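A.B. asks: If it helps, the file is called protein37.txt and holds compact mmCIF, C-alpha atoms:
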# COMPACT_ATOMS: atom_id res chain seq x y z
CA MET A 10 25.22 5.20 -15.35
CA VAL A 11 21.46 4.95 -14.74
CA ALA A 12 20.37 6.38 -11.38
CA THR A 13 18.98 3.90 -8.87
CA ARG A 14 15.21 4.10 -8.63
CA HIS A 15 13.45 3.80 -5.29
CA PHE A 16 9.76 3.39 -4.41
CA LEU A 17 9.30 5.25 -1.14
CA GLN A 18 6.04 7.00 -2.04
CA ILE A 19 3.62 6.20 -4.84
CA LYS A 20 4.49 9.49 -6.52
CA ASP A 21 8.10 8.28 -6.98
CA LEU A 22 6.85 6.70 -10.22
CA ALA A 23 5.26 8.72 -13.01
CA ARG A 24 1.76 7.93 -14.31
CA ASP A 25 3.07 6.13 -17.40
CA GLU A 26 5.42 4.05 -15.25
CA LEU A 27 2.60 3.04 -12.91
CA ASP A 28 0.44 2.14 -15.91
CA TYR A 29 3.32 -0.01 -17.16
CA VAL A 30 3.59 -1.73 -13.75
CA PHE A 31 -0.14 -2.49 -13.87
CA GLU A 32 0.15 -3.97 -17.37
CA ARG A 33 3.10 -6.11 -16.26
CA THR A 34 1.05 -7.15 -13.22
CA ARG A 35 -1.69 -8.40 -15.53
CA ILE A 36 0.81 -10.46 -17.53
CA ILE A 37 2.70 -11.80 -14.50
CA LYS A 38 -0.53 -12.75 -12.71
CA ALA A 39 -1.85 -14.58 -15.79
CA ARG A 40 1.37 -16.58 -16.01
CA PHE A 41 1.15 -17.42 -12.31
CA LYS A 42 -2.42 -18.67 -12.72
CA ALA A 43 -1.36 -20.79 -15.73
CA TYR A 44 1.59 -22.29 -13.79
CA GLN A 45 4.05 -20.79 -16.28
CA ARG A 46 7.59 -20.20 -15.01
CA HIS A 47 8.61 -16.53 -14.99
CA TRP A 48 12.14 -16.10 -13.65
CA PRO A 49 13.42 -12.67 -14.78
CA LEU A 50 15.15 -12.12 -11.42
CA GLN A 51 17.04 -15.42 -11.30
CA ASP A 52 20.07 -15.17 -8.97
CA ARG A 53 18.87 -11.79 -7.62
CA THR A 54 18.49 -11.30 -3.86
CA LEU A 55 15.86 -9.31 -1.98
CA VAL A 56 16.59 -8.27 1.60
CA MET A 57 13.47 -7.60 3.68
CA ILE A 58 13.99 -5.48 6.80
CA PHE A 59 11.16 -5.47 9.33
CA GLU A 60 10.80 -3.17 12.30
CA LYS A 61 6.99 -3.54 12.27
CA ALA A 62 5.20 -6.89 12.39
CA SER A 63 3.71 -8.22 9.17
CA THR A 64 1.80 -11.06 7.54
CA ARG A 65 0.86 -9.95 4.02
CA THR A 66 3.96 -7.81 3.40
CA ARG A 67 6.43 -10.54 4.29
CA LEU A 68 4.54 -13.32 2.54
CA SER A 69 3.89 -11.35 -0.65
CA PHE A 70 7.48 -10.12 -1.02
CA GLU A 71 9.14 -13.40 -0.02
CA ALA A 72 6.90 -15.61 -2.14
CA GLY A 73 7.00 -13.07 -4.96
CA MET A 74 10.78 -12.98 -5.13
CA HIS A 75 10.95 -16.78 -5.20
CA GLN A 76 8.34 -16.86 -7.98
CA LEU A 77 10.51 -14.45 -9.99
CA GLY A 78 13.45 -16.86 -9.66
CA GLY A 79 15.32 -14.98 -6.95
CA SER A 80 15.81 -15.41 -3.22
CA ALA A 81 14.62 -13.41 -0.23
CA ILE A 82 16.33 -12.85 3.12
CA TYR A 83 14.34 -11.80 6.19
CA LEU A 84 15.94 -9.43 8.71
CA ASN A 85 14.22 -8.23 11.85
CA THR A 86 15.78 -5.17 13.46
CA ARG A 87 15.56 -6.91 16.85
CA ASP A 88 17.84 -9.67 15.57
CA SER A 89 20.36 -7.50 13.72
CA GLN A 90 22.83 -4.74 14.48
CA LEU A 91 20.18 -2.19 13.46
CA GLY A 92 18.47 -3.06 16.71
CA ARG A 93 21.68 -2.39 18.63
CA GLY A 94 22.24 1.13 17.40
CA GLU A 95 24.04 0.69 14.09
CA PRO A 96 23.44 3.85 12.02
CA VAL A 97 20.87 3.40 9.27
CA GLU A 98 23.34 4.88 6.79
CA ASP A 99 26.01 2.29 7.64
CA ALA A 100 23.53 -0.55 7.35
CA ALA A 101 22.45 0.72 3.94
CA GLU A 102 26.03 0.82 2.69
CA VAL A 103 26.63 -2.80 3.70
CA ILE A 104 23.27 -4.37 2.87
CA SER A 105 23.13 -2.77 -0.57
CA ARG A 106 26.56 -4.25 -1.43
CA MET A 107 25.30 -7.74 -0.63
CA SER A 108 21.88 -7.68 -2.28
CA ASP A 109 20.05 -6.45 -5.37
CA ILE A 110 16.95 -4.85 -3.88
CA VAL A 111 15.72 -3.97 -0.38
CA MET A 112 12.24 -3.73 1.13
CA ILE A 113 11.82 -1.97 4.48
CA ARG A 114 8.81 -1.89 6.81
CA THR A 115 9.45 0.61 9.57
CA TYR A 116 8.08 3.58 11.51
CA GLU A 117 9.12 7.09 10.41
CA GLN A 118 9.41 7.82 6.69
CA ALA A 119 12.70 9.59 7.47
CA ILE A 120 14.28 6.22 8.32
CA ILE A 121 13.63 4.72 4.92
CA GLU A 122 14.69 7.93 3.18
CA ARG A 123 18.01 7.90 5.05
CA PHE A 124 18.54 4.27 4.08
CA ALA A 125 17.72 4.91 0.42
CA SER A 126 20.09 7.89 0.25
CA HIS A 127 22.99 5.51 1.08
CA SER A 128 21.80 2.47 -0.89
CA ARG A 129 23.33 1.30 -4.15
CA VAL A 130 20.21 -0.72 -4.98
CA PRO A 131 16.48 0.03 -5.20
CA VAL A 132 14.63 0.45 -1.90
CA ILE A 133 10.90 -0.24 -1.56
CA ASN A 134 8.65 1.12 1.17
CA GLY A 135 6.82 -1.86 2.67
CA LEU A 136 5.02 0.52 5.05
CA THR A 137 5.88 3.55 7.17
CA ASN A 138 3.82 5.71 9.50
CA GLU A 139 3.26 8.14 6.64
CA TYR A 140 2.76 6.00 3.51
CA HIS A 141 1.87 2.51 2.26
CA PRO A 142 2.49 2.71 -1.50
CA CYS A 143 2.57 -1.04 -2.19
CA GLN A 144 -0.91 -1.40 -0.71
CA ILE A 145 -2.37 1.24 -3.00
CA LEU A 146 -0.68 -0.33 -6.03
CA ALA A 147 -2.59 -3.51 -5.22
CA ASP A 148 -5.82 -1.64 -4.47
CA ILE A 149 -5.84 0.30 -7.73
CA PHE A 150 -4.96 -2.80 -9.75
CA THR A 151 -7.82 -4.63 -8.04
CA PHE A 152 -10.21 -1.81 -8.94
CA ILE A 153 -9.02 -1.92 -12.56
CA GLU A 154 -9.59 -5.69 -12.69
CA HIS A 155 -13.17 -5.34 -11.45
CA ARG A 156 -14.32 -1.98 -12.81
CA GLY A 157 -11.81 -0.67 -15.36
CA ALA A 158 -9.94 2.64 -15.25
CA ILE A 159 -10.01 4.51 -11.94
CA GLN A 160 -9.64 7.95 -13.55
CA GLY A 161 -12.71 10.09 -12.90
CA ARG A 162 -14.05 7.75 -10.20
CA THR A 163 -14.80 8.49 -6.55
CA VAL A 164 -13.12 6.68 -3.67
CA ALA A 165 -14.61 7.11 -0.18
CA TRP A 166 -12.22 6.79 2.75
CA VAL A 167 -13.94 6.30 6.11
CA GLY A 168 -11.91 6.32 9.32
CA ASP A 169 -8.43 7.43 10.33
CA SER A 170 -6.37 9.63 8.00
CA ASN A 171 -3.43 7.25 8.27
CA ASN A 172 -0.65 6.07 5.94
CA VAL A 173 -3.06 4.24 3.62
CA CYS A 174 -5.32 7.30 3.39
CA ASN A 175 -2.32 9.52 2.65
CA THR A 176 -1.29 7.24 -0.21
CA TRP A 177 -4.80 7.17 -1.67
CA LEU A 178 -4.68 10.97 -1.72
CA GLN A 179 -1.33 10.97 -3.54
CA ALA A 180 -2.66 8.43 -6.04
CA ALA A 181 -5.71 10.60 -6.74
CA GLU A 182 -3.41 13.39 -7.93
CA ILE A 183 -1.55 11.00 -10.23
CA PHE A 184 -4.51 9.13 -11.72
CA GLY A 185 -7.13 11.88 -11.71
CA PHE A 186 -9.82 10.53 -9.39
CA ARG A 187 -11.41 12.00 -6.26
CA VAL A 188 -11.18 10.88 -2.66
CA HIS A 189 -13.97 11.68 -0.21
CA VAL A 190 -12.54 11.53 3.31
CA SER A 191 -14.54 11.33 6.51
CA THR A 192 -12.75 11.17 9.85
CA PRO A 193 -13.79 11.96 13.41
CA PRO A 194 -12.84 15.43 14.68
CA GLY A 195 -9.14 15.55 15.48
CA TYR A 196 -8.16 12.90 12.94
CA GLU A 197 -8.43 14.98 9.77
CA VAL A 198 -6.09 14.83 6.78
CA GLU A 199 -2.86 16.79 7.09
CA PRO A 200 -2.15 17.80 3.46
CA GLU A 201 1.51 18.60 4.11
CA ARG A 202 2.12 15.27 5.85
CA ALA A 203 0.30 13.49 3.03
CA GLY A 204 2.61 15.19 0.51
CA LEU A 205 -0.22 16.77 -1.50
CA HIS A 206 0.05 19.62 -3.98
CA GLY A 207 -3.42 20.98 -3.25
CA ARG A 208 -7.02 20.02 -2.52
CA GLU A 209 -8.26 19.56 -6.06
CA HIS A 210 -8.65 15.80 -5.75
CA PHE A 211 -10.14 15.34 -2.31
CA SER A 212 -12.98 16.60 -0.14
CA GLU A 213 -13.61 16.20 3.58
CA PHE A 214 -16.96 15.31 5.12
CA ALA A 215 -18.00 15.47 8.76
CA ASP A 216 -20.66 12.81 8.15
CA PRO A 217 -19.36 9.52 6.70
CA MET A 218 -22.71 8.94 4.99
CA ASP A 219 -22.08 12.07 2.92
CA ALA A 220 -18.59 10.82 2.03
CA VAL A 221 -19.78 7.48 0.65
CA ARG A 222 -22.77 8.82 -1.25
CA GLY A 223 -22.32 7.91 -4.92
CA ALA A 224 -18.84 6.43 -4.39
CA ASP A 225 -17.40 3.78 -6.73
CA LEU A 226 -15.22 2.36 -3.96
CA VAL A 227 -15.56 2.46 -0.17
CA THR A 228 -12.44 1.67 1.81
CA THR A 229 -11.26 1.82 5.39
CA ASP A 230 -8.58 0.54 7.78
CA VAL A 231 -8.22 -0.34 11.45
CA TRP A 232 -8.95 2.50 13.83
CA THR A 233 -5.66 2.00 15.69
CA SER A 234 -2.61 1.63 13.46
CA MET A 235 0.65 0.07 14.65
CA GLY A 236 2.49 2.46 16.90
CA PHE A 237 -0.70 4.03 18.28
CA GLU A 238 -1.82 1.19 20.57
CA ALA A 239 -1.74 3.45 23.64
CA GLU A 240 -4.64 5.41 22.10
CA ASN A 241 -6.79 2.34 21.44
CA GLU A 242 -9.55 2.92 24.02
CA GLU A 243 -9.87 6.59 23.11
CA ARG A 244 -10.01 5.74 19.41
CA LEU A 245 -12.72 3.12 19.95
CA ARG A 246 -14.89 5.87 21.43
CA ASP A 247 -13.97 8.50 18.84
CA PHE A 248 -14.57 6.26 15.81
CA ALA A 249 -17.78 4.58 16.98
CA ASP A 250 -19.89 6.27 14.26
CA TRP A 251 -17.39 5.54 11.48
CA GLN A 252 -18.03 1.83 11.01
CA VAL A 253 -18.61 0.84 7.38
CA ASP A 254 -21.88 -1.09 7.58
CA ALA A 255 -24.59 -2.17 5.16
CA GLU A 256 -26.45 1.15 5.46
CA MET A 257 -23.29 3.00 4.47
CA MET A 258 -22.69 0.72 1.48
CA ARG A 259 -26.26 1.31 0.30
CA ALA A 260 -25.46 5.03 0.07
CA ALA A 261 -22.63 4.27 -2.37
CA LYS A 262 -23.23 3.24 -5.97
CA ALA A 263 -25.10 -0.03 -6.42
CA ASP A 264 -21.98 -1.70 -7.83
CA ALA A 265 -19.53 -0.06 -5.41
CA LEU A 266 -16.60 -2.16 -4.23
CA PHE A 267 -15.42 -2.46 -0.64
CA MET A 268 -11.72 -2.73 0.23
CA HIS A 269 -9.70 -3.11 3.41
CA CYS A 270 -5.93 -3.59 3.56
CA LEU A 271 -6.28 -6.12 6.43
CA PRO A 272 -6.10 -7.28 9.12
CA ALA A 273 -9.70 -6.29 9.84
CA HIS A 274 -11.67 -6.08 13.06
CA ARG A 275 -15.24 -7.09 12.30
CA GLY A 276 -17.61 -5.08 14.45
CA GLU A 277 -15.21 -2.13 14.68
CA GLU A 278 -14.18 -0.35 11.48
CA VAL A 279 -16.27 -2.67 9.29
CA ALA A 280 -19.36 -4.81 9.82
CA ALA A 281 -19.05 -8.52 9.04
CA GLU A 282 -21.94 -8.24 6.56
CA VAL A 283 -19.84 -5.83 4.49
CA ILE A 284 -16.38 -7.41 4.52
CA ASP A 285 -17.92 -10.84 3.95
CA GLY A 286 -20.60 -9.55 1.61
CA PRO A 287 -21.02 -9.16 -2.17
CA HIS A 288 -19.35 -5.73 -2.42
CA SER A 289 -16.12 -6.94 -0.81
CA VAL A 290 -13.02 -7.69 -2.89
CA VAL A 291 -10.61 -7.87 0.05
CA TRP A 292 -9.26 -11.32 -0.84
CA ASP A 293 -8.49 -10.30 -4.44
CA GLU A 294 -6.95 -7.15 -3.01
CA ALA A 295 -4.74 -9.15 -0.65
CA GLU A 296 -3.60 -11.54 -3.39
CA ASN A 297 -2.78 -8.66 -5.69
CA ARG A 298 -0.12 -7.46 -3.26
CA LEU A 299 1.84 -10.47 -4.52
CA HIS A 300 1.44 -9.72 -8.21
CA THR A 301 1.83 -5.93 -8.19
CA GLN A 302 4.97 -6.19 -6.07
CA LYS A 303 6.46 -8.73 -8.47
CA ALA A 304 5.87 -6.31 -11.32
CA LEU A 305 7.33 -3.47 -9.24
CA MET A 306 10.51 -5.37 -8.39
CA GLU A 307 10.93 -6.42 -12.01
CA PHE A 308 10.59 -2.79 -13.12
CA LEU A 309 12.98 -1.36 -10.51
CA LEU A 310 15.66 -3.92 -11.40
CA LEU A 311 15.20 -4.42 -15.14
CA GLY A 312 13.30 -1.36 -16.36
CA ARG A 313 10.75 -1.93 -19.11
CA VAL A 314 10.90 -5.40 -20.57
CA ASN A 315 9.35 -6.90 -23.71
CA ASP A 316 8.42 -10.55 -23.39
Kindly present the structure from the file in structure tokens form.
C.D. replies:
Amino acid sequence: MVATRHFLQIKDLARDELDYVFERTRIIKARFKAYQRHWPLQDRTLVMIFEKASTRTRLSFEAGMHQLGGSAIYLNTRDSQLGRGEPVEDAAEVISRMSDIVMIRTYEQAIIERFASHSRVPVINGLTNEYHPCQILADIFTFIEHRGAIQGRTVAWVGDSNNVCNTWLQAAEIFGFRVHVSTPPGYEVEPERAGLHGREHFSEFADPMDAVRGADLVTTDVWTSMGFEAENEERLRDFADWQVDAEMMRAAKADALFMHCLPAHRGEEVAAEVIDGPHSVVWDEAENRLHTQKALMEFLLLGRVND
């Protein structure tokens, strides 16, 4: 019996498997654009469990599963027994007997790991405090579409060393690129929390201008992630010099891309002239959540396919 595969961190898939997912993404996206039916997951059911609010994650998974021929069921922990104290392990036993694949968007990574350890079906991390692997799948695929292979390139991360930053750092170890990180004092990368093997693929810079210099891609995120709202005023003060603006983009390569996982706060972590400017690929990036996740679900349920 083949062991159930989960996608809880980006490093749960090997480099060749991620390359395969990207190639399938290219094919699946092309069929979508040509209005060609692609229903490999007909009669399969995705259960989506949300403890954190979402726009892109819900829409991309729900629409994606329908486009693959399957169905998607939305569960919010507030409206289910999970919100009334049912053990995560018990919920996993039941939900995985009634569905084919599960996506969870929650707080601590330990929650999704507990669920996966008791699940009979693949579990996908739709976001936790520690990691956001589906976002980085979409980001790397978007880079490949616009600039080719990411191996050997430089990604500049400006802002909070949050779940998206952690996943970029993991991806750098897998794909062989570098990440330049610049955070305010007190918000630095925690290599152990990020799940890194060493510091070979990233460098830290006190000055964000030094981090972006010569970068192929400049990326950031909101200064206050979900779950940290109580720190919002303090973070607004601490991050004031870490806004990605036109001056910062000029320090990067002339053809550098700008990405943001959204939602964005213009005038805070990014200037409007950047996110709405010629370097920005944020709308392609957002759309590619749909296509990369379709390829991911296909792979986790069917393995490698030839069609």
A.B. asks: Please determine, counting all atoms listed in the file, which residue among A:Val227, A:Leu311, A:Met57, A:Ala304 has the shortest atom-to-atom distance to Ile36 in chain A.
C.D. replies: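 Once distances to Ile36 in chain A are computed over all atoms listed in the file, the minimum belongs to A:Ala304.
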A.B. asks: In Å, with one decimal, what is the gap from CA of Glu242 in chain A to CA of Glu278 in chain A?
C.D. replies: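 CA of Glu242 in chain A sits 13.8 Å away from CA of Glu278 in chain A.
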A.B. asks: One decimal, Å: what's the distance from CA of Glu98 in chain A over to CA of Phe124 in chain A, could you say?
C.D. replies: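 If I compute the distance from CA of Glu98 in chain A to CA of Phe124 in chain A, I get 5.5 Å.
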A.B. asks: Write out as a PyMOL selection string the residues lying within 12 Å of Asp247 in chain A, counting all atoms listed in the file and excluding same-chain residues fewer than 5 positions away.
C.D. replies: chain A and resi 168-169+192-196+232-233+240-242+252+277-278
A.B. asks: Could you check how far CA of Glu60 in chain A sits from CA of Asn85 in chain A, in Å to one decimal?
C.D. replies: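 Taking CA of Glu60 in chain A and CA of Asn85 in chain A, their separation equals 6.1 Å.
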A.B. asks: Which residues are near Val167 in chain A? Cut-off 12 Å, all atoms listed in the file, ignore same chain within fewer than 2 positions. Put them as number ranges by chain.
C.D. replies: A: 164-165, 169-171, 173-174, 188-193, 196-198, 213-222, 224, 226-232, 248-254, 257-258, 267-269, 278-279
A.B. asks: Show which residues sit within 8 Å of range 104-109 of chain A, as a list in words. Count all atoms listed in the file, and ignore same-chain residues fewer than 3 positions away.
C.D. replies: Arg53, Thr54, Leu55, Val56, Ala100, Ala101, Ser128, Arg129, Val130, Pro131 and Leu310 of chain A
A.B. asks: Tell me which of A:Val283, A:Val111, A:Leu178, A:Ala260 sits closest to Trp166 in chain A, counting all atoms listed in the file.
C.D. replies: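 The shortest atom-to-atom distance to Trp166 in chain A comes from A:Leu178.
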A.B. asks: Could you check the closest approach to Pro287 in chain A for each of A:Leu205, A:Leu68, A:Leu266, A:Ala147 and tell me which residue wins, using all atoms listed in the file?
C.D. replies: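 Nearest candidate to Pro287 in chain A out of A:Leu205, A:Leu68, A:Leu266, A:Ala147: A:Leu266.
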A.B. asks: Counting all atoms listed in the file, which residue out of A:Phe59, A:Val97, A:Trp48, A:Ser69 sits closest to Asp316 in chain A?
C.D. replies: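 Residue with the minimum atom-to-atom distance to Asp316 in chain A: A:Trp48.
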A.B. asks: Find the spatial neighbours of Ala295 in chain A, counting all atoms listed in the file, within a cut-off of 10 Å - ignore same-chain residues fewer than 2 positions away - and output them as a list of chain:residue names.
C.D. replies: A:Arg65, A:Thr66, A:Ser69, A:Gln144, A:Ala147, A:Asp148, A:Thr151, A:Met268, A:His269, A:Cys270, A:Leu271, A:Val290, A:Val291, A:Trp292, A:Asp293, A:Asn297, A:Arg298, A:Leu299, A:His300
A.B. asks: Of the candidates A:Leu84, A:Ile19, A:Asp28, A:Ile183, which one gets nearest to Ile153 in chain A if we count all atoms listed in the file?
C.D. replies: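 Closest to Ile153 in chain A, using all atoms listed in the file: A:Asp28.
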A.B. asks: Taking into account all atoms listed in the file, which residue in the set A:Ile159, A:Ala239, A:Leu77, A:Ile149 is nearest to Arg187 in chain A?
C.D. replies: A:Ile159
A.B. asks: I want to know what sits within 10 Å of range 117-122 of chain A, based on all atoms listed in the file, with residues of the same chain fewer than 5 positions away left out; could you give that as a list of chain:residue names?
C.D. replies: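 Close residues of range 117-122 of chain A: A:His15, A:Leu17, A:Gln18, A:Val97, A:Glu98, A:Ala101, A:Met112, A:His127, A:Ser128, A:Val132, A:Ile133, A:Asn134, A:Gly135, A:Leu136, A:Thr137, A:Asn138, A:Glu139, A:Tyr140.
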A.B. asks: Keeping only C-alpha atoms, take the residues you just selected and write them out as a compact mmCIF listing (two decimals), in the frame of the given file.
C.D. replies:
# COMPACT_ATOMS: atom_id res chain seq x y z
CA HIS A 15 13.45 3.80 -5.29
CA LEU A 17 9.30 5.25 -1.14
CA GLN A 18 6.04 7.00 -2.04
CA VAL A 97 20.87 3.40 9.27
CA GLU A 98 23.34 4.88 6.79
CA ALA A 101 22.45 0.72 3.94
CA MET A 112 12.24 -3.73 1.13
CA HIS A 127 22.99 5.51 1.08
CA SER A 128 21.80 2.47 -0.89
CA VAL A 132 14.63 0.45 -1.90
CA ILE A 133 10.90 -0.24 -1.56
CA ASN A 134 8.65 1.12 1.17
CA GLY A 135 6.82 -1.86 2.67
CA LEU A 136 5.02 0.52 5.05
CA THR A 137 5.88 3.55 7.17
CA ASN A 138 3.82 5.71 9.50
CA GLU A 139 3.26 8.14 6.64
CA TYR A 140 2.76 6.00 3.51
A.B. asks: Around range 170-178 of chain A, with edges along x, y and z and 8 Å added on all six sides, what centre and edge lengths do you get, in Å to one decimal, as AutoDock Vina command-line options?
C.D. replies:
--center_x -3.5 --center_y 7.6 --center_z 3.3 --size_x 21.7 --size_y 22.7 --size_z 26.0
A.B. asks: Can you give me N, CA and C atoms for range 55-72 of chain A, written as a PDB file, keeping the file's coordinate frame?
C.D. replies:
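Output saved as part21.pdb:
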ATOM      1  N   LEU A  55      16.632 -10.342  -2.679  1.00  0.00           N
ATOM      2  CA  LEU A  55      15.860  -9.310  -1.980  1.00  0.00           C
ATOM      3  C   LEU A  55      16.138  -9.426  -0.498  1.00  0.00           C
ATOM      4  N   VAL A  56      16.477  -8.319   0.146  1.00  0.00           N
ATOM      5  CA  VAL A  56      16.590  -8.270   1.600  1.00  0.00           C
ATOM      6  C   VAL A  56      15.351  -7.543   2.135  1.00  0.00           C
ATOM      7  N   MET A  57      14.672  -8.178   3.079  1.00  0.00           N
ATOM      8  CA  MET A  57      13.470  -7.600   3.680  1.00  0.00           C
ATOM      9  C   MET A  57      13.790  -7.237   5.128  1.00  0.00           C
ATOM     10  N   ILE A  58      13.677  -5.959   5.445  1.00  0.00           N
ATOM     11  CA  ILE A  58      13.990  -5.480   6.800  1.00  0.00           C
ATOM     12  C   ILE A  58      12.692  -5.077   7.487  1.00  0.00           C
ATOM     13  N   PHE A  59      12.410  -5.718   8.615  1.00  0.00           N
ATOM     14  CA  PHE A  59      11.160  -5.470   9.330  1.00  0.00           C
ATOM     15  C   PHE A  59      11.433  -4.900  10.709  1.00  0.00           C
ATOM     16  N   GLU A  60      10.855  -3.726  10.953  1.00  0.00           N
ATOM     17  CA  GLU A  60      10.800  -3.170  12.300  1.00  0.00           C
ATOM     18  C   GLU A  60       9.375  -3.269  12.838  1.00  0.00           C
ATOM     19  N   LYS A  61       8.394  -3.342  11.918  1.00  0.00           N
ATOM     20  CA  LYS A  61       6.990  -3.540  12.270  1.00  0.00           C
ATOM     21  C   LYS A  61       6.568  -4.948  11.873  1.00  0.00           C
ATOM     22  N   ALA A  62       5.688  -5.539  12.668  1.00  0.00           N
ATOM     23  CA  ALA A  62       5.200  -6.890  12.390  1.00  0.00           C
ATOM     24  C   ALA A  62       4.425  -6.925  11.071  1.00  0.00           C
ATOM     25  N   SER A  63       4.357  -8.117  10.472  1.00  0.00           N
ATOM     26  CA  SER A  63       3.710  -8.220   9.170  1.00  0.00           C
ATOM     27  C   SER A  63       3.265  -9.653   8.893  1.00  0.00           C
ATOM     28  N   THR A  64       2.186  -9.787   8.141  1.00  0.00           N
ATOM     29  CA  THR A  64       1.800 -11.060   7.540  1.00  0.00           C
ATOM     30  C   THR A  64       1.858 -10.944   6.026  1.00  0.00           C
ATOM     31  N   ARG A  65       0.980 -10.076   5.467  1.00  0.00           N
ATOM     32  CA  ARG A  65       0.860  -9.950   4.020  1.00  0.00           C
ATOM     33  C   ARG A  65       2.129  -9.388   3.376  1.00  0.00           C
ATOM     34  N   THR A  66       2.781  -8.416   4.021  1.00  0.00           N
ATOM     35  CA  THR A  66       3.960  -7.810   3.400  1.00  0.00           C
ATOM     36  C   THR A  66       5.094  -8.832   3.293  1.00  0.00           C
ATOM     37  N   ARG A  67       5.360  -9.550   4.373  1.00  0.00           N
ATOM     38  CA  ARG A  67       6.430 -10.540   4.290  1.00  0.00           C
ATOM     39  C   ARG A  67       6.097 -11.645   3.293  1.00  0.00           C
ATOM     40  N   LEU A  68       4.907 -12.201   3.401  1.00  0.00           N
ATOM     41  CA  LEU A  68       4.540 -13.320   2.540  1.00  0.00           C
ATOM     42  C   LEU A  68       4.556 -12.923   1.065  1.00  0.00           C
ATOM     43  N   SER A  69       3.980 -11.757   0.750  1.00  0.00           N
ATOM     44  CA  SER A  69       3.890 -11.350  -0.650  1.00  0.00           C
ATOM     45  C   SER A  69       5.256 -11.047  -1.251  1.00  0.00           C
ATOM     46  N   PHE A  70       6.139 -10.407  -0.485  1.00  0.00           N
ATOM     47  CA  PHE A  70       7.480 -10.120  -1.020  1.00  0.00           C
ATOM     48  C   PHE A  70       8.339 -11.383  -1.085  1.00  0.00           C
ATOM     49  N   GLU A  71       8.285 -12.202  -0.042  1.00  0.00           N
ATOM     50  CA  GLU A  71       9.140 -13.400  -0.020  1.00  0.00           C
ATOM     51  C   GLU A  71       8.692 -14.400  -1.077  1.00  0.00           C
ATOM     52  N   ALA A  72       7.408 -14.690  -1.120  1.00  0.00           N
ATOM     53  CA  ALA A  72       6.900 -15.610  -2.140  1.00  0.00           C
ATOM     54  C   ALA A  72       7.102 -15.025  -3.527  1.00  0.00           C
TER      55      ALA A  72
END
